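Inspection log for the structure reproduced underneath, given as structure tokens.
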Amino acid sequence: MEIIRDIIVYILLGGLLSWYFYYFKYRDIIGGFTGGVIVGLLGSVLGVLLIRKPISATLDFLQNGMYISNVDLFTGLLSGYLALYVYNKINHDKTRKDY
């Protein structure tokens, strides 16, 4: 049963990514929406097989404070970035003027 659930999740991921590129961003994908689902499905499967271990090791390294401190650096960087992003949007996404 687990393998069937995993296959369904991969197909949903491919469909979601295809929807994002095809309908939301209006990108022209070879094969249309269905072609995008197939490419998204293959990309998600290959990503899990090839990239999961290095990303997992990197996240563990950052979450352990690079083995220097007890600070979760990944969460700190992510939440700090999100706070600055929201703050910038509140400020109407203004750019700096260099004099």
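Note on naming: chains are A, B, ... as they come in the structure tokens, residues start from 1 per chain, ligands start from 1 in the order shown.
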
Secondary structure check, alpha helix (DSSP H) residues of chain A, as a VMD selection string: chain A and resid 2 to 19 32 to 63 73 to 90

Residue contacts of Gly15 in chain A (7 Å, only C-alpha atoms) excluding same-chain residues fewer than 4 positions away, as a ChimeraX atom specification: /A:11,19,37

Å distance separating CA of Asp6 in chain A from CA of Leu49 in chain A, one decimal place: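 Going from CA of Asp6 in chain A over to CA of Leu49 in chain A, I get 13.4 Å.
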
Computed interatomic separation between CA of Gly32 in chain A and CA of Leu46 in chain A (Å):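 Going from CA of Gly32 in chain A over to CA of Leu46 in chain A covers 21.1 Å.
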
Non-local contacts of Ser18 in chain A (9 Å; only C-alpha atoms; under 6 positions in same chain excluded) as number ranges by chain: A: 29, 32-40

Near-range 59-64 of chain A list (12 Å; only C-alpha atoms; drop same-chain fewer than 5 positions) as number ranges by chain: A: 52-54, 69-78

Just write the chosen residues, N, CA and C atoms, as a compact mmCIF listing (two decimals), in the first residue's frame.
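Result file is part_23.txt:
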# COMPACT_ATOMS: atom_id res chain seq x y z
N ARG A 52 18.47 13.98 -2.45
CA ARG A 52 17.96 13.90 -1.08
C ARG A 52 19.06 13.77 -0.03
N LYS A 53 20.02 12.89 -0.23
CA LYS A 53 21.06 12.69 0.78
C LYS A 53 21.94 13.92 0.98
N PRO A 54 22.44 14.57 -0.10
CA PRO A 54 23.25 15.78 0.14
C PRO A 54 22.46 16.90 0.80
N SER A 69 27.50 25.74 17.57
CA SER A 69 26.53 26.23 18.57
C SER A 69 25.28 25.38 18.52
N ASN A 70 24.33 25.72 19.36
CA ASN A 70 23.06 25.00 19.40
C ASN A 70 21.98 25.73 18.61
N VAL A 71 22.35 26.66 17.77
CA VAL A 71 21.39 27.46 17.01
C VAL A 71 21.04 26.72 15.72
N ASP A 72 19.75 26.63 15.43
CA ASP A 72 19.28 26.05 14.18
C ASP A 72 19.43 27.11 13.09
N LEU A 73 20.54 27.06 12.36
CA LEU A 73 20.85 28.10 11.38
C LEU A 73 19.88 28.10 10.21
N PHE A 74 19.42 26.93 9.78
CA PHE A 74 18.49 26.87 8.65
C PHE A 74 17.19 27.58 8.98
N THR A 75 16.60 27.26 10.11
CA THR A 75 15.34 27.90 10.50
C THR A 75 15.55 29.38 10.74
N GLY A 76 16.67 29.76 11.35
CA GLY A 76 16.96 31.18 11.58
C GLY A 76 17.10 31.95 10.29
N LEU A 77 17.82 31.38 9.32
CA LEU A 77 17.96 32.05 8.02
C LEU A 77 16.63 32.15 7.29
N LEU A 78 15.87 31.06 7.29
CA LEU A 78 14.59 31.04 6.59
C LEU A 78 13.60 32.02 7.21

Gap from CA of Ile8 in chain A to CA of Tyr20 in chain A - Å, one decimal: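 Between CA of Ile8 in chain A and CA of Tyr20 in chain A the gap is 18.2 Å.
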